[in-house]
Every structure is written in structure tokens, then in C-alpha cells.
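J.: This structure is in C-alpha cells; I'll ask about it shortly.
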Amino acid sequence: MFTHFYQNFILKNPKLIFVLLIIALISFGYHSKNFRLDASSDTLLIDGDPDLKYLQEVNERYGSKEFLILTYTPNQGMITDTSINNLLSLKYKIQSLEWVDSVVTLLDIPLLNNSEAPLQERLENFKTLKDEDVNKDRGFKEITSSPVFRNFVISEDGKTSGIIVYLKKNKPLDNIKNKSKEEIEIYKDKIKKQNHKNIIEIRDVIESYENIGKIHLGGIPMIADDMMTFIKSDIVVFGLGVLLFIIATLWYIFRKLIWILVPISSCFFSVIIMTGLLGLLGWKVTVISSNFIALMLILTMAMNIHMSTRFLQLKENFPHRNILDLLILTTEKMFWPILYTVMTTIIAFLSLIFSEIKPIIDFGWMMTMGLLISFCVTFTLLPTLINFVPKKNVSFIKYEKSKITSLLSKFSQDYQKSIFVLTGIIILFSIIGISRLEVENSFINYFSKKTEIYKGMKLIDEKLGGTTPLEVILKFPKNKTETNDDEFEDWENEDNEEDEKKYWFTKDKINKIASVHNYLDSLPEIGKVLSFSSIIDVATLLNNNKPLGTLEMGVLYSKIPQSIRTEIVDPYISIKDNEARINLRIIDSKKDLRRNDLINKINYDLQNKLGLEKKEFKLTGVLILFNNLLQSLFKSQILTLGFVMIGIFVMFLILFKNIKLSLIGVVPNFIAAFFILGIIGLLGIPLDMMTITIAAITIGIAVDNSIHYIYRFKEEYDNLNDYNETVKVCHSTVGKAILNTSITIVFGFSILILSNFIPTIYFGIFTGIAMLLAMISVLTLLPSLILLIKPFEK
């Protein structure tokens, strides 16, 4: 019934179908104006991660602010008059930007050991390096040796300083619960645009000061903005690159303008309609799905090459038939194999929904919809456009056999034992490589070394105490204050609230904070550690290296000026919540860093070496969120591959109704996918949110070749009843289409190496190699297995 409708309505009414397609193009093209990108940090997190909610609570409690960080390496010494004046000028210039809340530099650090005055007087009237009557050398030495500020605002070697630029909080959206999704998205877009404007402004400032030394910009707002730029660039570069390559490939294959225009038109219609659909649905493209246009072009082109090649082969076989008859014959022979190739590829992309990471899930749904659109456009636009072309122009250069497919045909018939032995070696190689796979990865290594993100993060990592934050929250038992301590006798008449604050500083708490701080500081993977213990160390130095008693700590806390307390004490203790916060940063570029092992080690040691109960501490921070992401990738990889293998095997059973043939059909593609995973494992390249999808996508796309080959083999064998002869015919017909589409796909994926995002580059390289291996496997191992098992009845 469907075939009858398709032939009588679509193929016989090309003008009407073309008008309907143009209407669809214009309609969806209009909605493409709502096409959006998203590079926020939320796109790299597990959806609904409870650790994210806890981190947000901690940030709210301790007053964490969003910030940018600049690294400043002056041409001259750090504390020469010229360098200080330049740094001061840069600070004031940045401070004048209306979106900047405050700027903290080396020149703002309170110097508490710069005179012999009493400690209280030094706290209330502290000096800084920018004051004229300060001994600069003594002050600089105090900062570089400070437990708080060393590796924070100044590198250990004293040559690079950090400039922390705190951002004003964005005005919250009023009555957010009552706002529609569209209003919330408009608000978010407004913030992103403002952030982009801010980054441009601060980069302009940096550029105007480039003569004073080396200045690099870092921080999450900058990374998010640069990622947006990368995504935009990738979409344009991938799309144009793949398009140009496809045009070159089509010219090489067909040598006729009409056979370039028809497939390109299908690609154009498919991509515009899909982009409009994304805009209509409000789906945003992330760094994960930034290559969806390139993928759609590649997969649409593969369908069109198979259709066009079969049409031209039939035209050569039946030169006197009219165009409509040839189109009916072509669509009859190609509809089911292409439909099943689309379905198997959809299964591969749908397998990504097993991931807990929203951008990967969205990518799976995007490509599913994109493939359905490409399929519909291919079977409507392609025959419609061919119908418009005069019969004399629908021609093909003299049909020639491919030397490559002829060679592979001979190899698969004459060297079956060699093929099977080589396959066995590849399987063994793959098993060894897969056993070495790991999901460990460094965020810094996601970016090209020439990018500002990489340069800034690398310098912060090496000189200013690490990049990836981790926090340990210590929770103290309630109602266990040391009220019997003699030091508290003089406090009986104090104000109750102040009393409570003073009583909080007990030996037990201080010792616990110090022991955890010192333990964390001893780990080689950890850079800068900051806690209340750091403040106590500074106070001890100021107290002539005499440890402070609990009474002195309480008094000191109450006497510290509010400006100092807010900056260097409140971020590390919460008397109200009876807990302390230890802030540390991981040296992200450390080669042998194993995040999951480090987190497990800290959790284990805090309980078993330091004697803390599990309820007395909790780890949080970006490292925890990033590690959760990596660990979920590994779990989802197993589910993904399992889903793809079962789903494709079932599709083969439905299509061919033959268990042997179904097993034969999936083997070459599974081997290619596992082989590429083995290569990744042996090369020591960690899996990430892009490379984790390679195996599933490779199987889904590569299995198309098996379907086309087996479908054609079955058709030809019914006529020839000779396995070897059928292999020769298939390699010279459908084999040529498989070769052409595979080469198009391989080189199409290779365009992704132009990205600035390293996971995208790996995705392009390894998917391309996997597709090449799959093509060779389908044209050698698959026919060898068919010749060995002989699955067709005579």
C-alpha cells in the first residue's frame, strides 16, 4: 500500500512535491533564526547530579563569587617601581569596568609583618605594597612565604602574580517560578551576551597592556565564552569543509554537474529543515553536538550516492526505459535497504540516551531526527529533481569497474585463511587494548595548545597552585564545646552571641582542621590548600612563632576588621553551621593524575588514617562533578554497546529472516568498532564525552555497508546461483557505491581535525579510521564468511 502511494503520489507528481518541499524549507528556515548554542558548564555535568546541588549550597553558604583570573608576568622584577605602577594601572583600568565587583592583586594583600607595632594595631591599620612607606622587599618576602597567599596571588618563584577579578552578581530573574521556559531562555541568552561583551572588554584592556609583560586570561566565564566561539567556528568550518569535500567527491565519482547539484540539494534541504526544527523545539547545540551538521551532510550524502549509483546502473542496464520507470525501479530496490540502514544508524544514536549526560542524550535525539529528515528528503527531493532533468542529460560517464573493489573481491575469494587469521589477530589486539581503556582525562587537555584557554590554565596550573577545585567540608559534632577549658573563664560576662563565636574555637576543631589540611597538602596531586589552618599559621608567625590558644583565637576573630574577616576567614569557617571548609586545587596537568583513585584515597585516608567518621566530612567541588561525569561515561559505554549490538542484530533478523546471515552481517562492523577502541586503549588516550560515542556510532554507520552488500548479494544470487560469481558482481556494483560512500565518510570525518576542541579532533580521526576499517572488513571478511558458511538456499 505504501509503495503504491509512494509511486503514484510522490514519483508521479514531482511539481507538487517540489512545491511542498520548498514550503517546508521556507517554514523551517524561518525558525532557524531561533537556532541556539550553549557552552555553559552545565552542559558538561550529569543531569540531576546530587553533588551539584550540594556544591551550590556550599557556595551559597561561604559566599563564593564568580571570577576571572589573569596571570601577570612583568618584563622587569615584580616589585620594581615600574612593575608596581603598571600593575596598579592595570588593576584600576579593570576595576573601572562596570561589570567588575572588585579586583585583588599582589598590591592589595595586607602586610601584617611589616612593622614592630602591636598585632591589633597592625590588623586595624595594615599596609600594602602600594603604600609608599612600606619596605617593598620585606613585604614581598612576607607574601611569597605566606601560607595563604603563596601560590595564590604570587608564584613560588615570585615571577608570576595572579589578578583575581570578581564579577558583580547578575540581576536575578524576578519570580522565576512563574516565568515561562521561553522567558527563562531569553534571560539566559541575555547573560551569555553580556558575558561575551565582558570578555571582549577585558581582552581589549589586556591588549592595551601587552607591552608591560605576559598577561593571560583564565576563569570559567572566559572558558564558557571561548567554547561558544569554538562551537560557532566548528559548525561553520565543519559544514563548509565537508560540503567542499563532498562536491569534490561527487565530481570525481560522477563527472557530471547534475549529479553534484541533486545530492547537494538534498543535503541543503535536510540541514536547513533540521536547523529550523531545533530552533522550533528550543534545543541548543553544545560542544558535543556541534558536528551534527557535518554528520548530517555525510549521512545524507551516503544515501544519495547509493540512490544515484543504483539509478545510473539501472539506466545502463535498461537504456530504453523512461525516467519515471527507472525511478520506480530504483526506489523499489533501494527503499528497504536504505530504510534499514537509517534504522540501524538511529539505533546507534539512540543508544546515547543511556548516558546520564544531557548533551550526549540530546545529541542522540538530534541525530535520530536528522536521519529521519535526511531519509524523507532523499526519497522525495532526489527523484523529484531527476524528474525535472531532460533524459539526455541524465547520463553517466562510461561505467568502469573499480580496481580497488576488484582487488578486494579477488582477495576475499583466494585468501580466506589469511583473512580469518588476520581477523583473529585483530580481535586479540582489540581485547588487549580495550582492557587498558580508561576514562581519566584532564580538562586542560581538551583544548589546543595554541588557545588562550590552554595557555592560561597551564600557567595557573604550574605557577599558581592548580586549576580544578576540590573542597573538603568538615562537620563538627554539636553541643560538644569545651566549656571547662580554663581559658574561657574570663568570658562569662561577654555578650551571648560573641560568646558563642568565641566558644566555637576549641582545640578539637582546630586540630582536626590542621590535620586534614596537612594531610591534603602532602599529596603530590594537590597544589594550593587553603583553610582556617592557613590563617592560624599566619597568626602564629605574627605571634613570634608561638601557637595561639583557643582564647586568643576567639579574641583575634572578634577583633579582626570586617574587611579582612570577609576575605580571609569567612570563606573557611561557618560558626552558624558548625563546620569548616578546606579549599584545594588539583594540578590538572600532572601526567599520572588519576582523579577517581585520588578521591577514593582521600575518602579512605580521612576515615582510616585520620580517624574521622564518614558523617564528619564530605568532598565536593568541580573535581567531584567532573569525576562523576567520567565514571558515568564508562558505565554508559557498556550499556550503549550492548543496546547497539542487540538492536542491530534484531534489525538484521527482521530484514534477512536468517540467523546465520544476521550474525555474518554484524561481525565485520563489531570488529572494526572494537579494533578502534583497542587502538585508543593501546595509545593511552582516555575516553571522554566525544570518544565514548565512537564505537556505537561506528557500528551504526558502518553496518549500512553490510546491509547494502548482503541485500544486493541476495538479489544477485537469486539470478546467478553461484557464490563466487555473485561476489564478483557485488564488488563491481554495490561494492563501488560502498567504497565511494566510505571514502566520503572517512574524509568527511577528517574535517573535524580543524576543531580547537581536542575530543572533537579525536572523534573525527578515530571514527574516520574505524569507518575505513569497517569498509575493508565488509569487502573482505563479509564475503569470505558468506563463501564459508553459504547462508543462501539454492
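Note on naming: chains are A, B, ... as they come in the C-alpha cells, residues start from 1 per chain, ligands start from 1 in the order shown.
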Show me, as a PyMOL selection string, the residues that have an atom within 12 Å of Phe268 (chain A) when counting only C-alpha atoms, minus same-chain residues fewer than 2 positions from it.
T.: chain A and resi 21-22+25+29+239-240+243+261-266+270-275+293-294+296-298+300-301+373-374+377-378+381-382
J.: Measuring between only C-alpha atoms, which one of A:Glu725, A:Phe713, A:Arg61, A:Ala737 shows the shortest distance to Lys576 (chain A)?
T.: A:Arg61
J.: How would you write, as a ChimeraX atom specification, the set of residues in region 232-474 of chain A that DSSP gives as strand (DSSP E)?
T.: /A:284-285,468-474
J.: Quick one: residues within 12 Å of Ile564 (chain A), only C-alpha atoms counted, chain neighbours fewer than 4 positions away excluded, as a PDB file with all heavy atoms, in the first residue's frame?
T.:
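File out18.pdb, as written:
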ATOM      1  N   ASP A 108      47.185  44.382  46.992  1.00  0.00           N
ATOM      2  CA  ASP A 108      46.069  44.536  47.931  1.00  0.00           C
ATOM      3  C   ASP A 108      46.215  43.640  49.159  1.00  0.00           C
ATOM      4  O   ASP A 108      45.371  43.686  50.054  1.00  0.00           O
ATOM      5  CB  ASP A 108      44.745  44.210  47.230  1.00  0.00           C
ATOM      6  CG  ASP A 108      44.513  45.105  46.024  1.00  0.00           C
ATOM      7  OD1 ASP A 108      44.378  46.320  46.217  1.00  0.00           O
ATOM      8  OD2 ASP A 108      44.513  44.569  44.894  1.00  0.00           O
ATOM      9  N   ILE A 109      47.273  42.835  49.192  1.00  0.00           N
ATOM     10  CA  ILE A 109      47.448  41.890  50.293  1.00  0.00           C
ATOM     11  C   ILE A 109      47.891  42.645  51.555  1.00  0.00           C
ATOM     12  O   ILE A 109      48.875  43.393  51.522  1.00  0.00           O
ATOM     13  CB  ILE A 109      48.490  40.812  49.926  1.00  0.00           C
ATOM     14  CG1 ILE A 109      48.114  40.122  48.599  1.00  0.00           C
ATOM     15  CG2 ILE A 109      48.649  39.810  51.053  1.00  0.00           C
ATOM     16  CD1 ILE A 109      46.738  39.537  48.576  1.00  0.00           C
ATOM     17  N   PRO A 110      47.179  42.445  52.672  1.00  0.00           N
ATOM     18  CA  PRO A 110      47.581  43.139  53.910  1.00  0.00           C
ATOM     19  C   PRO A 110      48.943  42.638  54.421  1.00  0.00           C
ATOM     20  O   PRO A 110      49.139  41.429  54.545  1.00  0.00           O
ATOM     21  CB  PRO A 110      46.450  42.785  54.892  1.00  0.00           C
ATOM     22  CG  PRO A 110      45.795  41.573  54.337  1.00  0.00           C
ATOM     23  CD  PRO A 110      45.971  41.635  52.852  1.00  0.00           C
ATOM     24  N   LEU A 111      49.835  43.559  54.665  1.00  0.00           N
ATOM     25  CA  LEU A 111      51.167  43.217  55.193  1.00  0.00           C
ATOM     26  C   LEU A 111      51.113  43.391  56.712  1.00  0.00           C
ATOM     27  O   LEU A 111      51.069  44.508  57.230  1.00  0.00           O
ATOM     28  CB  LEU A 111      52.228  44.139  54.579  1.00  0.00           C
ATOM     29  CG  LEU A 111      52.340  44.087  53.047  1.00  0.00           C
ATOM     30  CD1 LEU A 111      53.338  45.124  52.565  1.00  0.00           C
ATOM     31  CD2 LEU A 111      52.730  42.698  52.572  1.00  0.00           C
ATOM     32  N   LEU A 112      51.109  42.272  57.416  1.00  0.00           N
ATOM     33  CA  LEU A 112      50.934  42.304  58.867  1.00  0.00           C
ATOM     34  C   LEU A 112      52.255  42.120  59.609  1.00  0.00           C
ATOM     35  O   LEU A 112      52.301  42.204  60.830  1.00  0.00           O
ATOM     36  CB  LEU A 112      49.943  41.211  59.283  1.00  0.00           C
ATOM     37  CG  LEU A 112      48.562  41.281  58.602  1.00  0.00           C
ATOM     38  CD1 LEU A 112      47.696  40.129  59.050  1.00  0.00           C
ATOM     39  CD2 LEU A 112      47.880  42.610  58.885  1.00  0.00           C
ATOM     40  N   ARG A 122      48.411  46.496  63.939  1.00  0.00           N
ATOM     41  CA  ARG A 122      48.754  46.095  62.548  1.00  0.00           C
ATOM     42  C   ARG A 122      47.517  45.605  61.802  1.00  0.00           C
ATOM     43  O   ARG A 122      47.378  45.797  60.598  1.00  0.00           O
ATOM     44  CB  ARG A 122      49.825  45.005  62.576  1.00  0.00           C
ATOM     45  CG  ARG A 122      51.235  45.524  62.812  1.00  0.00           C
ATOM     46  CD  ARG A 122      52.252  44.407  62.738  1.00  0.00           C
ATOM     47  NE  ARG A 122      52.473  43.788  64.049  1.00  0.00           N
ATOM     48  CZ  ARG A 122      53.067  42.613  64.231  1.00  0.00           C
ATOM     49  NH1 ARG A 122      53.477  41.931  63.185  1.00  0.00           N
ATOM     50  NH2 ARG A 122      53.239  42.122  65.431  1.00  0.00           N
ATOM     51  N   LEU A 123      46.606  44.922  62.520  1.00  0.00           N
ATOM     52  CA  LEU A 123      45.379  44.431  61.894  1.00  0.00           C
ATOM     53  C   LEU A 123      44.459  45.584  61.496  1.00  0.00           C
ATOM     54  O   LEU A 123      43.845  45.567  60.435  1.00  0.00           O
ATOM     55  CB  LEU A 123      44.632  43.487  62.846  1.00  0.00           C
ATOM     56  CG  LEU A 123      45.193  42.065  62.995  1.00  0.00           C
ATOM     57  CD1 LEU A 123      44.507  41.341  64.143  1.00  0.00           C
ATOM     58  CD2 LEU A 123      45.029  41.273  61.715  1.00  0.00           C
ATOM     59  N   GLU A 124      44.365  46.564  62.358  1.00  0.00           N
ATOM     60  CA  GLU A 124      43.438  47.672  62.113  1.00  0.00           C
ATOM     61  C   GLU A 124      43.991  48.683  61.113  1.00  0.00           C
ATOM     62  O   GLU A 124      43.234  49.330  60.395  1.00  0.00           O
ATOM     63  CB  GLU A 124      43.115  48.367  63.437  1.00  0.00           C
ATOM     64  CG  GLU A 124      42.277  47.499  64.364  1.00  0.00           C
ATOM     65  CD  GLU A 124      42.061  48.122  65.730  1.00  0.00           C
ATOM     66  OE1 GLU A 124      42.636  49.215  65.978  1.00  0.00           O
ATOM     67  OE2 GLU A 124      41.338  47.530  66.551  1.00  0.00           O
ATOM     68  N   ASN A 125      45.302  48.836  61.062  1.00  0.00           N
ATOM     69  CA  ASN A 125      45.908  49.816  60.157  1.00  0.00           C
ATOM     70  C   ASN A 125      46.963  49.152  59.267  1.00  0.00           C
ATOM     71  O   ASN A 125      48.111  49.581  59.238  1.00  0.00           O
ATOM     72  CB  ASN A 125      46.548  50.955  60.978  1.00  0.00           C
ATOM     73  CG  ASN A 125      45.559  51.617  61.921  1.00  0.00           C
ATOM     74  OD1 ASN A 125      44.565  52.165  61.475  1.00  0.00           O
ATOM     75  ND2 ASN A 125      45.836  51.540  63.218  1.00  0.00           N
ATOM     76  N   PHE A 126      46.537  48.102  58.579  1.00  0.00           N
ATOM     77  CA  PHE A 126      47.512  47.348  57.795  1.00  0.00           C
ATOM     78  C   PHE A 126      47.984  48.135  56.566  1.00  0.00           C
ATOM     79  O   PHE A 126      47.267  48.971  56.029  1.00  0.00           O
ATOM     80  CB  PHE A 126      46.957  45.984  57.378  1.00  0.00           C
ATOM     81  CG  PHE A 126      45.759  46.036  56.466  1.00  0.00           C
ATOM     82  CD1 PHE A 126      45.913  46.187  55.089  1.00  0.00           C
ATOM     83  CD2 PHE A 126      44.472  45.921  56.982  1.00  0.00           C
ATOM     84  CE1 PHE A 126      44.817  46.234  54.247  1.00  0.00           C
ATOM     85  CE2 PHE A 126      43.363  45.969  56.137  1.00  0.00           C
ATOM     86  CZ  PHE A 126      43.536  46.130  54.773  1.00  0.00           C
ATOM     87  N   ILE A 535      45.177  30.409  58.078  1.00  0.00           N
ATOM     88  CA  ILE A 535      45.063  31.675  58.814  1.00  0.00           C
ATOM     89  C   ILE A 535      45.776  31.554  60.168  1.00  0.00           C
ATOM     90  O   ILE A 535      46.477  32.481  60.604  1.00  0.00           O
ATOM     91  CB  ILE A 535      43.572  32.053  59.036  1.00  0.00           C
ATOM     92  CG1 ILE A 535      42.758  31.855  57.746  1.00  0.00           C
ATOM     93  CG2 ILE A 535      43.450  33.464  59.573  1.00  0.00           C
ATOM     94  CD1 ILE A 535      43.236  32.620  56.553  1.00  0.00           C
ATOM     95  N   LEU A 556      40.985  37.043  68.732  1.00  0.00           N
ATOM     96  CA  LEU A 556      41.508  37.512  67.445  1.00  0.00           C
ATOM     97  C   LEU A 556      40.398  37.581  66.408  1.00  0.00           C
ATOM     98  O   LEU A 556      40.275  38.550  65.658  1.00  0.00           O
ATOM     99  CB  LEU A 556      42.630  36.577  66.984  1.00  0.00           C
ATOM    100  CG  LEU A 556      43.370  36.972  65.704  1.00  0.00           C
ATOM    101  CD1 LEU A 556      44.120  38.292  65.910  1.00  0.00           C
ATOM    102  CD2 LEU A 556      44.354  35.883  65.279  1.00  0.00           C
ATOM    103  N   TYR A 557      39.544  36.545  66.378  1.00  0.00           N
ATOM    104  CA  TYR A 557      38.440  36.504  65.409  1.00  0.00           C
ATOM    105  C   TYR A 557      37.503  37.702  65.601  1.00  0.00           C
ATOM    106  O   TYR A 557      37.068  38.330  64.631  1.00  0.00           O
ATOM    107  CB  TYR A 557      37.665  35.196  65.562  1.00  0.00           C
ATOM    108  CG  TYR A 557      36.468  35.095  64.643  1.00  0.00           C
ATOM    109  CD1 TYR A 557      36.608  34.735  63.310  1.00  0.00           C
ATOM    110  CD2 TYR A 557      35.178  35.401  65.109  1.00  0.00           C
ATOM    111  CE1 TYR A 557      35.510  34.654  62.466  1.00  0.00           C
ATOM    112  CE2 TYR A 557      34.074  35.333  64.279  1.00  0.00           C
ATOM    113  CZ  TYR A 557      34.258  34.961  62.949  1.00  0.00           C
ATOM    114  OH  TYR A 557      33.163  34.895  62.115  1.00  0.00           O
ATOM    115  N   SER A 558      37.203  38.004  66.880  1.00  0.00           N
ATOM    116  CA  SER A 558      36.268  39.095  67.155  1.00  0.00           C
ATOM    117  C   SER A 558      36.882  40.466  66.887  1.00  0.00           C
ATOM    118  O   SER A 558      36.175  41.437  66.638  1.00  0.00           O
ATOM    119  CB  SER A 558      35.771  39.011  68.596  1.00  0.00           C
ATOM    120  OG  SER A 558      36.864  39.185  69.497  1.00  0.00           O
ATOM    121  N   LYS A 559      38.215  40.557  66.938  1.00  0.00           N
ATOM    122  CA  LYS A 559      38.882  41.850  66.765  1.00  0.00           C
ATOM    123  C   LYS A 559      39.326  42.131  65.322  1.00  0.00           C
ATOM    124  O   LYS A 559      39.642  43.263  64.977  1.00  0.00           O
ATOM    125  CB  LYS A 559      40.126  41.918  67.678  1.00  0.00           C
ATOM    126  CG  LYS A 559      39.823  41.822  69.170  1.00  0.00           C
ATOM    127  CD  LYS A 559      39.073  43.031  69.675  1.00  0.00           C
ATOM    128  CE  LYS A 559      38.861  42.978  71.192  1.00  0.00           C
ATOM    129  NZ  LYS A 559      38.073  44.115  71.680  1.00  0.00           N
ATOM    130  N   ILE A 560      39.377  41.083  64.497  1.00  0.00           N
ATOM    131  CA  ILE A 560      39.814  41.279  63.103  1.00  0.00           C
ATOM    132  C   ILE A 560      38.854  42.239  62.393  1.00  0.00           C
ATOM    133  O   ILE A 560      37.641  42.074  62.493  1.00  0.00           O
ATOM    134  CB  ILE A 560      39.853  39.933  62.343  1.00  0.00           C
ATOM    135  CG1 ILE A 560      41.003  39.066  62.851  1.00  0.00           C
ATOM    136  CG2 ILE A 560      40.022  40.144  60.842  1.00  0.00           C
ATOM    137  CD1 ILE A 560      41.054  37.691  62.213  1.00  0.00           C
ATOM    138  N   ILE A 568      39.445  36.633  54.236  1.00  0.00           N
ATOM    139  CA  ILE A 568      40.368  35.521  54.514  1.00  0.00           C
ATOM    140  C   ILE A 568      39.946  34.581  55.645  1.00  0.00           C
ATOM    141  O   ILE A 568      40.629  33.590  55.898  1.00  0.00           O
ATOM    142  CB  ILE A 568      41.799  36.043  54.813  1.00  0.00           C
ATOM    143  CG1 ILE A 568      41.822  36.853  56.111  1.00  0.00           C
ATOM    144  CG2 ILE A 568      42.347  36.836  53.654  1.00  0.00           C
ATOM    145  CD1 ILE A 568      43.228  37.237  56.553  1.00  0.00           C
ATOM    146  N   VAL A 569      38.817  34.861  56.305  1.00  0.00           N
ATOM    147  CA  VAL A 569      38.372  33.961  57.384  1.00  0.00           C
ATOM    148  C   VAL A 569      37.024  33.326  57.056  1.00  0.00           C
ATOM    149  O   VAL A 569      36.881  32.105  57.069  1.00  0.00           O
ATOM    150  CB  VAL A 569      38.294  34.707  58.744  1.00  0.00           C
ATOM    151  CG1 VAL A 569      37.820  33.748  59.842  1.00  0.00           C
ATOM    152  CG2 VAL A 569      39.647  35.288  59.112  1.00  0.00           C
ATOM    153  N   ASP A 570      36.024  34.157  56.732  1.00  0.00           N
ATOM    154  CA  ASP A 570      34.674  33.644  56.487  1.00  0.00           C
ATOM    155  C   ASP A 570      34.577  32.594  55.376  1.00  0.00           C
ATOM    156  O   ASP A 570      33.706  31.726  55.445  1.00  0.00           O
ATOM    157  CB  ASP A 570      33.719  34.805  56.197  1.00  0.00           C
ATOM    158  CG  ASP A 570      33.459  35.658  57.443  1.00  0.00           C
ATOM    159  OD1 ASP A 570      33.875  35.215  58.531  1.00  0.00           O
ATOM    160  OD2 ASP A 570      32.869  36.742  57.325  1.00  0.00           O
ATOM    161  N   PRO A 571      35.439  32.645  54.333  1.00  0.00           N
ATOM    162  CA  PRO A 571      35.347  31.586  53.310  1.00  0.00           C
ATOM    163  C   PRO A 571      35.741  30.200  53.816  1.00  0.00           C
ATOM    164  O   PRO A 571      35.560  29.216  53.104  1.00  0.00           O
ATOM    165  CB  PRO A 571      36.329  32.062  52.226  1.00  0.00           C
ATOM    166  CG  PRO A 571      36.443  33.527  52.425  1.00  0.00           C
ATOM    167  CD  PRO A 571      36.341  33.730  53.902  1.00  0.00           C
TER     168      PRO A 571
END
